[in-house]
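*Asks:* Sharing run24.cif below, mmCIF, C-alpha atoms:
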data_query
loop_
_atom_site.label_atom_id
_atom_site.label_comp_id
_atom_site.auth_asym_id
_atom_site.auth_seq_id
_atom_site.Cartn_x
_atom_site.Cartn_y
_atom_site.Cartn_z
CA MET A 50 1.37 -20.04 -11.72
CA THR A 51 1.35 -20.22 -15.51
CA LYS A 52 -0.28 -17.28 -17.27
CA ASP A 53 -0.87 -18.76 -20.74
CA ARG A 54 -4.22 -20.24 -19.72
CA ALA A 55 -7.22 -18.84 -17.90
CA PRO A 56 -7.21 -19.98 -14.26
CA THR A 57 -9.59 -22.75 -13.29
CA ARG A 58 -12.28 -22.37 -10.65
CA ILE A 59 -10.07 -24.15 -8.10
CA GLN A 60 -7.12 -21.91 -8.93
CA LYS A 61 -9.27 -18.81 -8.48
CA LYS A 62 -10.56 -20.18 -5.18
CA ASN A 63 -7.07 -20.95 -3.89
CA ARG A 64 -5.68 -17.61 -4.98
CA ALA A 65 -8.52 -15.80 -3.20
CA ALA A 66 -7.96 -17.94 -0.09
CA ILE A 67 -4.26 -17.04 -0.08
CA LEU A 68 -4.96 -13.32 -0.35
CA GLU A 69 -7.59 -13.46 2.38
CA ALA A 70 -5.20 -15.36 4.65
CA ALA A 71 -2.38 -12.96 3.83
CA LEU A 72 -4.57 -10.00 4.74
CA GLU A 73 -5.21 -11.53 8.15
CA VAL A 74 -1.56 -12.37 8.76
CA PHE A 75 -0.06 -9.15 7.43
CA SER A 76 -2.57 -6.92 9.24
CA THR A 77 -1.78 -8.72 12.50
CA HIS A 78 1.99 -9.14 12.25
CA GLY A 79 3.07 -6.60 9.63
CA PHE A 80 5.23 -7.49 6.65
CA ARG A 81 8.35 -8.24 8.67
CA GLY A 82 6.60 -10.43 11.21
CA ALA A 83 4.59 -12.43 8.68
CA THR A 84 5.87 -15.65 7.10
CA VAL A 85 4.83 -17.74 4.13
CA ASP A 86 4.24 -20.64 6.52
CA GLN A 87 1.77 -18.57 8.55
CA ILE A 88 -0.09 -17.52 5.42
CA ALA A 89 -0.22 -21.09 4.09
CA THR A 90 -1.56 -22.39 7.41
CA GLU A 91 -4.19 -19.64 7.57
CA ALA A 92 -5.22 -20.43 3.98
CA GLY A 93 -5.44 -24.17 4.66
CA LEU A 94 -2.86 -24.94 1.99
CA SER A 95 0.58 -26.47 2.00
CA LYS A 96 3.54 -24.13 1.56
CA PRO A 97 4.47 -25.66 -1.85
CA ASN A 98 0.89 -25.22 -2.98
CA LEU A 99 0.92 -21.56 -1.96
CA LEU A 100 4.23 -21.00 -3.75
CA TYR A 101 2.67 -22.35 -6.93
CA TYR A 102 0.45 -19.24 -6.96
CA PHE A 103 2.85 -16.69 -5.49
CA PRO A 104 6.64 -17.13 -5.61
CA SER A 105 7.33 -15.14 -2.44
CA LYS A 106 5.94 -13.25 0.52
CA GLU A 107 6.75 -10.04 -1.36
CA ALA A 108 4.62 -11.10 -4.33
CA ILE A 109 1.63 -11.77 -2.08
CA PHE A 110 2.06 -8.45 -0.29
CA ASN A 111 2.40 -6.50 -3.52
CA GLU A 112 -0.79 -8.03 -4.89
CA LEU A 113 -2.66 -7.18 -1.69
CA MET A 114 -1.41 -3.60 -1.65
CA ALA A 115 -2.30 -3.06 -5.30
CA GLN A 116 -5.88 -4.11 -4.55
CA LEU A 117 -5.98 -2.12 -1.33
CA LEU A 118 -4.74 1.15 -2.80
CA GLY A 119 -7.30 1.04 -5.57
CA THR A 120 -10.10 0.65 -3.03
CA TRP A 121 -8.60 3.06 -0.52
CA LEU A 122 -8.21 5.95 -2.95
CA ASP A 123 -11.60 5.65 -4.64
CA PRO A 124 -13.40 7.92 -2.11
CA LEU A 125 -10.87 10.70 -2.64
CA ARG A 126 -11.05 10.30 -6.40
CA SER A 127 -14.83 10.67 -6.18
CA LEU A 128 -14.72 14.24 -4.82
CA ASP A 129 -16.77 16.00 -7.50
CA PRO A 130 -15.59 19.47 -8.61
CA ASP A 131 -19.15 20.24 -9.71
CA GLY A 132 -20.79 19.12 -6.48
CA ASP A 133 -21.68 21.17 -3.41
CA PRO A 134 -18.32 21.61 -1.61
CA MET A 135 -19.62 21.07 1.92
CA GLU A 136 -21.64 18.01 0.98
CA GLU A 137 -18.78 16.57 -1.06
CA ILE A 138 -16.37 16.84 1.88
CA LEU A 139 -18.86 15.51 4.43
CA ALA A 140 -19.71 12.59 2.15
CA TYR A 141 -16.00 11.87 1.81
CA VAL A 142 -15.63 11.81 5.60
CA GLN A 143 -18.51 9.36 5.90
CA ARG A 144 -17.13 7.10 3.16
CA LYS A 145 -13.76 7.00 4.91
CA LEU A 146 -15.42 6.18 8.23
CA GLN A 147 -17.47 3.42 6.61
CA MET A 148 -14.32 1.95 5.12
CA SER A 149 -12.75 1.83 8.58
CA ARG A 150 -15.79 -0.08 9.76
CA ASP A 151 -15.93 -2.44 6.79
CA PHE A 152 -12.20 -2.89 6.13
CA PRO A 153 -10.31 -2.62 9.44
CA ARG A 154 -7.65 -5.18 8.49
CA GLU A 155 -6.87 -3.34 5.28
CA SER A 156 -6.48 -0.09 7.21
CA ARG A 157 -4.12 -1.70 9.72
CA LEU A 158 -2.12 -3.30 6.91
CA TYR A 159 -1.57 0.08 5.28
CA ALA A 160 -0.74 1.70 8.64
CA ASN A 161 1.79 -1.03 9.45
CA GLU A 162 3.53 -0.48 6.15
CA ILE A 163 3.71 3.28 6.70
CA VAL A 164 5.05 2.87 10.25
CA GLN A 165 7.84 0.66 8.86
CA GLY A 166 8.90 3.43 6.47
CA ALA A 167 6.76 2.32 3.51
CA PRO A 168 9.64 0.48 1.76
CA ARG A 169 7.24 -1.27 -0.60
CA LEU A 170 4.90 1.71 -1.07
CA LEU A 171 7.15 4.73 -1.28
CA GLY A 172 7.15 4.74 -5.08
CA THR A 173 3.35 4.71 -5.21
CA ILE A 174 3.07 7.38 -2.52
CA ALA A 175 5.51 9.61 -4.37
CA THR A 176 3.70 9.22 -7.70
CA ASP A 177 0.06 8.10 -7.78
CA LEU A 178 -0.97 9.24 -4.29
CA ASN A 179 0.97 12.48 -4.53
CA ALA A 180 -0.65 13.36 -7.85
CA LEU A 181 -4.13 12.64 -6.47
CA VAL A 182 -3.54 14.66 -3.30
CA GLU A 183 -2.21 17.59 -5.34
CA GLU A 184 -5.28 17.46 -7.58
CA LYS A 185 -7.77 17.35 -4.70
CA SER A 186 -5.86 19.92 -2.63
CA ALA A 187 -6.12 22.32 -5.56
CA LEU A 188 -9.87 21.63 -5.73
CA LEU A 189 -10.27 22.32 -1.99
CA GLN A 190 -8.25 25.51 -2.38
CA ARG A 191 -10.54 26.72 -5.19
CA TRP A 192 -13.61 26.08 -3.03
CA MET A 193 -11.99 28.02 -0.18
CA GLN A 194 -11.00 30.93 -2.39
CA ALA A 195 -14.56 31.07 -3.72
CA GLY A 196 -15.85 31.37 -0.15
CA LYS A 197 -17.79 28.12 -0.32
CA ILE A 198 -15.99 26.65 2.70
CA ASN A 199 -13.78 28.14 5.40
CA SER A 200 -10.10 28.53 4.60
CA ALA A 201 -7.77 25.84 5.93
CA HIS A 202 -4.58 24.19 4.75
CA PRO A 203 -6.03 21.70 2.21
CA LYS A 204 -3.50 18.95 2.82
CA HIS A 205 -3.83 19.20 6.58
CA LEU A 206 -7.58 19.00 6.09
CA LEU A 207 -7.14 15.73 4.22
CA PHE A 208 -4.67 14.44 6.82
CA SER A 209 -7.14 15.19 9.61
CA ILE A 210 -9.92 13.32 7.81
CA TRP A 211 -7.67 10.32 7.34
CA SER A 212 -6.57 10.41 10.97
CA LEU A 213 -10.01 10.84 12.51
CA THR A 214 -11.64 8.14 10.42
CA GLN A 215 -8.89 5.51 10.24
CA HIS A 216 -8.31 5.76 13.98
CA TYR A 217 -11.42 3.63 14.49
CA ALA A 218 -9.79 0.80 12.53
CA ASP A 219 -6.13 1.17 13.44
CA PHE A 220 -6.86 1.54 17.18
CA ASP A 221 -9.94 -0.68 17.22
CA VAL A 222 -8.95 -2.58 20.37
CA GLN A 223 -8.36 0.62 22.34
CA VAL A 224 -11.50 2.32 21.05
CA ARG A 225 -13.72 -0.65 21.88
CA ALA A 226 -12.12 -1.12 25.31
CA LEU A 227 -12.87 2.50 26.17
CA MET A 228 -16.40 2.32 24.76
CA ALA A 229 -17.33 -1.11 26.08
CA ASP A 230 -21.01 -0.25 26.44
CA GLU A 231 -21.60 1.02 22.92
CA ASP A 232 -20.56 0.49 19.32
CA PRO A 233 -18.15 3.35 18.54
CA PHE A 234 -19.55 3.58 15.03
CA ASP A 235 -23.03 4.42 16.29
CA ALA A 236 -22.19 8.01 17.25
CA ALA A 237 -19.08 8.60 15.11
CA PRO A 238 -20.91 9.59 11.90
CA GLU A 239 -22.88 12.38 13.57
CA TYR A 240 -19.87 13.55 15.58
CA LEU A 241 -17.63 13.84 12.51
CA ASP A 242 -20.38 15.48 10.47
CA THR A 243 -20.87 18.12 13.17
CA LEU A 244 -17.12 18.64 13.60
CA TYR A 245 -16.35 19.26 9.93
CA ARG A 246 -19.57 21.15 9.24
CA ARG A 247 -18.75 23.62 12.03
CA MET A 248 -15.12 23.83 10.96
CA LEU A 249 -15.82 24.45 7.28
CA THR A 250 -19.00 26.54 7.28
CA PRO A 251 -18.08 30.12 6.36
CA SER A 252 -18.60 32.51 9.28
CA ASP A 253 -20.99 34.74 7.29
CA ASN A 254 -23.40 31.79 6.73
#
As structure tokens, how would this structure be written, given the file I've shared?
*Replies:*
Amino acid sequence: MTKDRAPTRIQKKNRAAILEAALEVFSTHGFRGATVDQIATEAGLSKPNLLYYFPSKEAIFNELMAQLLGTWLDPLRSLDPDGDPMEEILAYVQRKLQMSRDFPRESRLYANEIVQGAPRLLGTIATDLNALVEEKSALLQRWMQAGKINSAHPKHLLFSIWSLTQHYADFDVQVRALMADEDPFDAAPEYLDTLYRRMLTPSDN
């Protein structure tokens, strides 16, 4: 698509339709299993029309991942050094859980890419994500050293939050099959709040 003019309303609509279709296809089949033909069919466009906007499957995927990572990392970025440590961490847990509820396809897309060795994300993981995790791990460590929360390995704490919240999206079919009589998100917020509050509350409190 030419970049010397602002896109028209139709071009914006088609581009959005392609990205929405790609999210559905990639999150279901992964990068390797997805095809441009599948994405075009899902978007209701011809393959040549799709290729007018994106020259390749890789270009579509890269655009999706750029959008996803910005959204996905915002809750971690929002941990406030000046806030109450316990409440900041518990709020982060709840934001991550809400994202799993609201954006399950995005979570599965990211998980699929990681399982495949992250060939298209490794550079970002090694730079942007690594820098953010180092920054927030240092913040968690300062809170622990100040006695505001129990001591724990800060990176493993983050990993556990990611695992326990994103599980509800990445294993949605299994979770819902095993909880057929209730919405798993009804009780999850209270459960995770209790779990991390008990884990992180200093023993002398």
*Asks:* For each of A:Ile138, A:Ile88, A:Pro104, A:Thr173, take the minimum atom-to-atom distance to Pro203 (chain A), counting only C-alpha atoms, then give the residue where this is smallest.
*Replies:*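 Among A:Ile138, A:Ile88, A:Pro104, A:Thr173, it is A:Ile138 that comes nearest to Pro203 (chain A).
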*Asks:* When you draw a straight line from CA of Leu72 (chain A) to CA of Leu113 (chain A), how long is it in Å?
*Replies:*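 Between these atoms lies a distance of 7.3 Å.
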*Asks:* Have a look at CA of Leu68 (chain A) and CA of Tyr141 (chain A) and let me know their distance in Å, one decimal.
*Replies:* 27.6 Å
*Asks:* Which polymer residues, protein or nucleic acid, are no farther than 8 Å from (-4.4, 29.2, -0.9), counting only C-alpha atoms, as a list in words?
*Replies:*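 The answer, in the requested form, is Gln190, Arg191, Met193, Gln194, Ser200 and His202 of chain A.
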*Asks:* Got a sec: who's within 7 Å of Ile198 (chain A), counting all atoms listed in the file, leaving out chain neighbours fewer than 6 positions off, as a PDB file with C-alpha atoms, in the frame of the given file?
*Replies:*
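Heads up, here's the output in out.pdb:
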ATOM      1  CA  MET A 135     -19.620  21.070   1.920  1.00  0.00           C
ATOM      2  CA  TRP A 192     -13.610  26.080  -3.030  1.00  0.00           C
ATOM      3  CA  LEU A 249     -15.820  24.450   7.280  1.00  0.00           C
ATOM      4  CA  THR A 250     -19.000  26.540   7.280  1.00  0.00           C
ATOM      5  CA  PRO A 251     -18.080  30.120   6.360  1.00  0.00           C
TER       6      PRO A 251
END
*Asks:* So which one's closest to Ser252 (chain A), A:Ser127, A:Ala180, A:Gly196, A:Asp235? Using only C-alpha atoms, please.
*Replies:*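 For Ser252 (chain A), the nearest of the candidates is A:Gly196.
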*Asks:* With the PyMOL selection byres ((chain A and resi 176-179) around 12) as the selection, what would be picked from this file? Answer as a ChimeraX atom specification, please.
*Replies:* /A:115,118-119,121-123,125-126,170-175,180-186,204
*Asks:* Return the single residue from A:Asn161, A:Gln215, A:Ser149, A:Gln143 that is closest to Leu241 (chain A), with distances computed using only C-alpha atoms.
*Replies:* A:Gln143
*Asks:* Pull out every residue that the PyMOL selection byres ((chain A and resi 142) around 9) matches in the shown coordinates and put them as a ChimeraX atom specification.
*Replies:* /A:124,137-141,143-147,210-211,213-214,238,241-242,245
*Asks:* Please output region 181-215 of chain A, rebuilt to include N, CA and C atoms, as a CSV table (one decimal), in the coordinates of the input.
*Replies:*
chain,number,residue,atom,x,y,z
A,181,LEU,N,-2.7,12.5,-6.9
A,181,LEU,CA,-4.1,12.6,-6.5
A,181,LEU,C,-4.3,13.7,-5.4
A,182,VAL,N,-3.4,13.7,-4.4
A,182,VAL,CA,-3.5,14.7,-3.3
A,182,VAL,C,-3.3,16.1,-3.8
A,183,GLU,N,-2.4,16.3,-4.7
A,183,GLU,CA,-2.2,17.6,-5.3
A,183,GLU,C,-3.5,18.0,-6.1
A,184,GLU,N,-4.1,17.1,-6.8
A,184,GLU,CA,-5.3,17.5,-7.6
A,184,GLU,C,-6.4,17.9,-6.6
A,185,LYS,N,-6.6,17.1,-5.6
A,185,LYS,CA,-7.8,17.4,-4.7
A,185,LYS,C,-7.5,18.5,-3.8
A,186,SER,N,-6.2,18.7,-3.4
A,186,SER,CA,-5.9,19.9,-2.6
A,186,SER,C,-6.1,21.2,-3.4
A,187,ALA,N,-5.8,21.2,-4.7
A,187,ALA,CA,-6.1,22.3,-5.6
A,187,ALA,C,-7.6,22.6,-5.6
A,188,LEU,N,-8.4,21.5,-5.7
A,188,LEU,CA,-9.9,21.6,-5.7
A,188,LEU,C,-10.4,22.3,-4.4
A,189,LEU,N,-9.9,21.7,-3.3
A,189,LEU,CA,-10.3,22.3,-2.0
A,189,LEU,C,-9.9,23.8,-1.9
A,190,GLN,N,-8.7,24.1,-2.4
A,190,GLN,CA,-8.2,25.5,-2.4
A,190,GLN,C,-9.2,26.4,-3.2
A,191,ARG,N,-9.6,25.9,-4.4
A,191,ARG,CA,-10.5,26.7,-5.2
A,191,ARG,C,-11.9,27.0,-4.5
A,192,TRP,N,-12.4,25.9,-3.8
A,192,TRP,CA,-13.6,26.1,-3.0
A,192,TRP,C,-13.4,27.1,-1.9
A,193,MET,N,-12.3,27.1,-1.3
A,193,MET,CA,-12.0,28.0,-0.2
A,193,MET,C,-11.9,29.4,-0.7
A,194,GLN,N,-11.2,29.6,-1.8
A,194,GLN,CA,-11.0,30.9,-2.4
A,194,GLN,C,-12.3,31.5,-2.9
A,195,ALA,N,-13.2,30.6,-3.3
A,195,ALA,CA,-14.6,31.1,-3.7
A,195,ALA,C,-15.5,31.3,-2.5
A,196,GLY,N,-15.0,31.1,-1.3
A,196,GLY,CA,-15.8,31.4,-0.2
A,196,GLY,C,-16.9,30.3,0.1
A,197,LYS,N,-16.8,29.2,-0.5
A,197,LYS,CA,-17.8,28.1,-0.3
A,197,LYS,C,-17.6,27.3,1.0
A,198,ILE,N,-16.3,27.3,1.4
A,198,ILE,CA,-16.0,26.6,2.7
A,198,ILE,C,-14.9,27.5,3.4
A,199,ASN,N,-14.8,27.4,4.7
A,199,ASN,CA,-13.8,28.1,5.4
A,199,ASN,C,-12.4,27.8,4.9
A,200,SER,N,-11.5,28.8,5.0
A,200,SER,CA,-10.1,28.5,4.6
A,200,SER,C,-9.4,27.6,5.6
A,201,ALA,N,-8.6,26.7,5.1
A,201,ALA,CA,-7.8,25.8,5.9
A,201,ALA,C,-6.7,25.3,5.0
A,202,HIS,N,-5.6,24.8,5.6
A,202,HIS,CA,-4.6,24.2,4.8
A,202,HIS,C,-5.2,22.9,4.1
A,203,PRO,N,-5.3,22.8,2.8
A,203,PRO,CA,-6.0,21.7,2.2
A,203,PRO,C,-5.4,20.3,2.5
A,204,LYS,N,-4.1,20.3,2.5
A,204,LYS,CA,-3.5,19.0,2.8
A,204,LYS,C,-3.7,18.6,4.3
A,205,HIS,N,-3.6,19.5,5.2
A,205,HIS,CA,-3.8,19.2,6.6
A,205,HIS,C,-5.3,18.8,6.8
A,206,LEU,N,-6.2,19.4,6.0
A,206,LEU,CA,-7.6,19.0,6.1
A,206,LEU,C,-7.7,17.5,5.7
A,207,LEU,N,-7.1,17.1,4.6
A,207,LEU,CA,-7.1,15.7,4.2
A,207,LEU,C,-6.5,14.8,5.3
A,208,PHE,N,-5.3,15.3,5.8
A,208,PHE,CA,-4.7,14.4,6.8
A,208,PHE,C,-5.6,14.2,8.0
A,209,SER,N,-6.3,15.3,8.4
A,209,SER,CA,-7.1,15.2,9.6
A,209,SER,C,-8.3,14.2,9.3
A,210,ILE,N,-8.8,14.3,8.2
A,210,ILE,CA,-9.9,13.3,7.8
A,210,ILE,C,-9.4,11.9,7.9
A,211,TRP,N,-8.2,11.7,7.3
A,211,TRP,CA,-7.7,10.3,7.3
A,211,TRP,C,-7.5,9.9,8.8
A,212,SER,N,-6.9,10.8,9.6
A,212,SER,CA,-6.6,10.4,11.0
A,212,SER,C,-7.8,10.1,11.8
A,213,LEU,N,-8.8,11.0,11.7
A,213,LEU,CA,-10.0,10.8,12.5
A,213,LEU,C,-10.9,9.7,12.1
A,214,THR,N,-10.8,9.3,10.8
A,214,THR,CA,-11.6,8.1,10.4
A,214,THR,C,-10.9,6.8,10.6
A,215,GLN,N,-9.6,6.8,10.2
A,215,GLN,CA,-8.9,5.5,10.2
A,215,GLN,C,-8.5,5.1,11.7
